[in-house]
Amino acid sequence: MKREISFVKYHGCGNDFILKDERRGPRTPDKIRSSLAMILCNRHFSVGADGVMFVEPAHGVDGSMRLFEPAGNEADMCGNGLRCLAAYLMEKLNKSEVSILTRDGIKLVSRSGESYRVDMGPVRTDSRDLVEYIKPKGKRLESMTDLRMNAGGCDMRGSLVNSGEPHFVVKTSDVGAVRMREIGDAVNKDTTLFPRGVNIDFVEVVGPARIKVRTYERGVYDETLACGTGATASAAVALSKGWVKKRPVKVETVGGCLRIDVDADGTTYMTGPAERVFEGRIRVDV
């Protein structure tokens, strides 16, 4: 079946997205959305992206975000995608603050100059907030901030947290030397521990309030140039572990820098850019 798709392309620190506005008119069925994501995200034969965002109407908010990744699955949340969608809605609605419904609840985004600040909520660490992502063996774990993992032949120690997406955060002395694709693929192919896969963040501390982060994302099944939920998770873990001493935390990703603030009550705020790249139309056979 041939479908003609009108879209807008955005990126946040190189984490790029195809955005399809379905606030008015018919909505694409989820099964077709999944197929479209697998087709459109292909960087060699189509538009290319880390995901396809579908914007829907929702009661009491400015829009609802549904993000389908290159593997065809639907993501729970996406920090960089959220900023990109906020930038789009602010332009369309002539607003400097918008509310967006995600699978992780309602997120508020405000604009300050060229940057967008997202209320990401608290980073969750207890097993009750991670139970759908992990199969714990033996005694039920109450906190997963010190977890030894062996999956896919990879033995690592880190913190499993929920920042809207599940992230396994690991400290390393040289983030540039990490074999991201090899480790990420091995862990995500072994579903005995993480039945739905897991995002993996490697963190190198480079200052009292500065870290470098590289992220392997489930659903993309590769390293991305940046990950908003990963930056948030990594900064929160770095603060709680004492790896960094000051806040806000500057997070250096491969594609650019993000700022993560953590309030005294644990609420996290992510600030970073969102850039419109181009808009277009494409005809695809779904």
# chains A, B, ... in the order shown; residues from 1 in each chain; ligands from 1
call {"tool": "closest_atom_pairs", "arguments": {"of": "range 164-202 of chain A", "to": "range 145-155 of chain A", "cutoff": "8 Å", "atoms": "only C-alpha atoms", "output": "JSON lines"}}
result
{"residue": "A:Ile183", "atom": "CA", "partner": "A:Cys154", "partner_atom": "CA", "distance": 6.9}
{"residue": "A:Ala186", "atom": "CA", "partner": "A:Gly152", "partner_atom": "CA", "distance": 4.6}
{"residue": "A:Val187", "atom": "CA", "partner": "A:Gly152", "partner_atom": "CA", "distance": 4.8}
{"residue": "A:Asn188", "atom": "CA", "partner": "A:Gly152", "partner_atom": "CA", "distance": 7.6}
{"residue": "A:Lys189", "atom": "CA", "partner": "A:Gly152", "partner_atom": "CA", "distance": 6.9}
{"residue": "A:Asp190", "atom": "CA", "partner": "A:Gly152", "partner_atom": "CA", "distance": 5.2}
{"residue": "A:Thr192", "atom": "CA", "partner": "A:Ala151", "partner_atom": "CA", "distance": 7.6}
{"residue": "A:Leu193", "atom": "CA", "partner": "A:Ala151", "partner_atom": "CA", "distance": 6.8}
call {"tool": "select_by_dssp", "arguments": {"residues": "range 33-219 of chain A", "states": "helix (DSSP H, G or I)", "output": "MDAnalysis selection string"}}
result
chainID A and resid 33:40 79:93 127:129 175:177 180:189
call {"tool": "residues_around", "arguments": {"residues": "range 36-52 of chain A", "least_positions_apart": "4", "cutoff": "7 Å", "atoms": "only C-alpha atoms", "output": "list in words"}}
result
Asn15, Asp16, Phe17, Ile18, Leu19, Ile32, Leu67, Phe68, Glu69, Pro70, Ala71, Gly72, Val220 and Val286 of chain A
call {"tool": "residues_around", "arguments": {"residues": "Pro195 in chain A", "least_positions_apart": "6", "cutoff": "8 Å", "atoms": "only C-alpha atoms", "output": "list in words"}}
result
Tyr133, Ile134 and Lys135 of chain A
call {"tool": "write_last_selection", "arguments": {"atoms": "C-alpha atoms", "output": "PDB file, in the first residue's frame"}}
result
ATOM      1  CA  TYR A 133      12.254  -3.841  32.582  1.00  0.00           C
ATOM      2  CA  ILE A 134      14.257  -6.417  34.554  1.00  0.00           C
ATOM      3  CA  LYS A 135      13.939 -10.016  35.710  1.00  0.00           C
TER       4      LYS A 135
END
call {"tool": "residues_around", "arguments": {"residues": "Ala86 in chain A", "least_positions_apart": "2", "cutoff": "9 Å", "atoms": "only C-alpha atoms", "output": "ChimeraX atom specification"}}
result
/A:81-84,88-91,97-100,108-111,116,274
call {"tool": "closest_residue", "arguments": {"among": "A:Glu22, A:Asp76, A:Asp201, A:Glu4", "to": "Val251 in chain A", "atoms": "only C-alpha atoms"}}
result
A:Asp201
call {"tool": "residues_around", "arguments": {"residues": "range 239-243 of chain A", "least_positions_apart": "2", "cutoff": "10 Å", "atoms": "only C-alpha atoms", "output": "PyMOL selection string"}}
result
chain A and resi 145-146+159+171+203-211+234-237+245-249+262
call {"tool": "closest_residue", "arguments": {"among": "A:Leu258, A:Met144, A:Ala264, A:Val244", "to": "Gly12 in chain A", "atoms": "only C-alpha atoms"}}
result
A:Leu258
call {"tool": "select_by_dssp", "arguments": {"residues": "range 3-47 of chain A", "states": "strand (DSSP E)", "output": "ChimeraX atom specification"}}
result
/A:3-12,15-21
call {"tool": "write_last_selection", "arguments": {"atoms": "N, CA and C atoms", "output": "PDB file, in the first residue's frame"}}
result
ATOM      1  N   ARG A   3       1.749   5.126   0.595  1.00  0.00           N
ATOM      2  CA  ARG A   3       1.340   6.224   1.463  1.00  0.00           C
ATOM      3  C   ARG A   3       2.247   7.415   1.209  1.00  0.00           C
ATOM      4  N   GLU A   4       1.646   8.596   1.105  1.00  0.00           N
ATOM      5  CA  GLU A   4       2.424   9.819   0.979  1.00  0.00           C
ATOM      6  C   GLU A   4       2.483  10.494   2.340  1.00  0.00           C
ATOM      7  N   ILE A   5       3.693  10.727   2.822  1.00  0.00           N
ATOM      8  CA  ILE A   5       3.904  11.237   4.170  1.00  0.00           C
ATOM      9  C   ILE A   5       4.486  12.648   4.108  1.00  0.00           C
ATOM     10  N   SER A   6       3.823  13.585   4.772  1.00  0.00           N
ATOM     11  CA  SER A   6       4.388  14.918   4.983  1.00  0.00           C
ATOM     12  C   SER A   6       5.039  14.926   6.360  1.00  0.00           C
ATOM     13  N   PHE A   7       6.244  15.476   6.453  1.00  0.00           N
ATOM     14  CA  PHE A   7       6.974  15.399   7.711  1.00  0.00           C
ATOM     15  C   PHE A   7       7.873  16.616   7.896  1.00  0.00           C
ATOM     16  N   VAL A   8       8.351  16.784   9.124  1.00  0.00           N
ATOM     17  CA  VAL A   8       9.363  17.780   9.463  1.00  0.00           C
ATOM     18  C   VAL A   8      10.497  17.047  10.161  1.00  0.00           C
ATOM     19  N   LYS A   9      11.719  17.384   9.829  1.00  0.00           N
ATOM     20  CA  LYS A   9      12.892  16.738  10.449  1.00  0.00           C
ATOM     21  C   LYS A   9      13.511  17.685  11.475  1.00  0.00           C
ATOM     22  N   TYR A  10      13.756  17.169  12.682  1.00  0.00           N
ATOM     23  CA  TYR A  10      14.392  17.912  13.766  1.00  0.00           C
ATOM     24  C   TYR A  10      15.561  17.114  14.331  1.00  0.00           C
ATOM     25  N   HIS A  11      16.437  17.801  15.040  1.00  0.00           N
ATOM     26  CA  HIS A  11      17.440  17.081  15.820  1.00  0.00           C
ATOM     27  C   HIS A  11      17.743  17.851  17.098  1.00  0.00           C
ATOM     28  N   GLY A  12      18.135  17.105  18.121  1.00  0.00           N
ATOM     29  CA  GLY A  12      18.598  17.687  19.371  1.00  0.00           C
ATOM     30  C   GLY A  12      19.951  17.093  19.685  1.00  0.00           C
ATOM     31  N   ASN A  15      20.691  13.857  17.841  1.00  0.00           N
ATOM     32  CA  ASN A  15      19.678  12.817  18.008  1.00  0.00           C
ATOM     33  C   ASN A  15      18.484  13.261  17.164  1.00  0.00           C
ATOM     34  N   ASP A  16      18.253  12.608  16.013  1.00  0.00           N
ATOM     35  CA  ASP A  16      17.341  13.171  15.018  1.00  0.00           C
ATOM     36  C   ASP A  16      16.033  12.411  14.881  1.00  0.00           C
ATOM     37  N   PHE A  17      14.994  13.163  14.486  1.00  0.00           N
ATOM     38  CA  PHE A  17      13.643  12.625  14.473  1.00  0.00           C
ATOM     39  C   PHE A  17      12.847  13.133  13.276  1.00  0.00           C
ATOM     40  N   ILE A  18      12.002  12.262  12.766  1.00  0.00           N
ATOM     41  CA  ILE A  18      11.007  12.621  11.754  1.00  0.00           C
ATOM     42  C   ILE A  18       9.709  12.867  12.504  1.00  0.00           C
ATOM     43  N   LEU A  19       9.099  14.017  12.276  1.00  0.00           N
ATOM     44  CA  LEU A  19       7.893  14.401  13.020  1.00  0.00           C
ATOM     45  C   LEU A  19       6.705  14.464  12.066  1.00  0.00           C
ATOM     46  N   LYS A  20       5.645  13.744  12.407  1.00  0.00           N
ATOM     47  CA  LYS A  20       4.412  13.753  11.615  1.00  0.00           C
ATOM     48  C   LYS A  20       3.279  14.258  12.493  1.00  0.00           C
ATOM     49  N   ASP A  21       2.672  15.356  12.074  1.00  0.00           N
ATOM     50  CA  ASP A  21       1.614  16.004  12.852  1.00  0.00           C
ATOM     51  C   ASP A  21       0.265  15.387  12.510  1.00  0.00           C
TER      52      ASP A  21
END
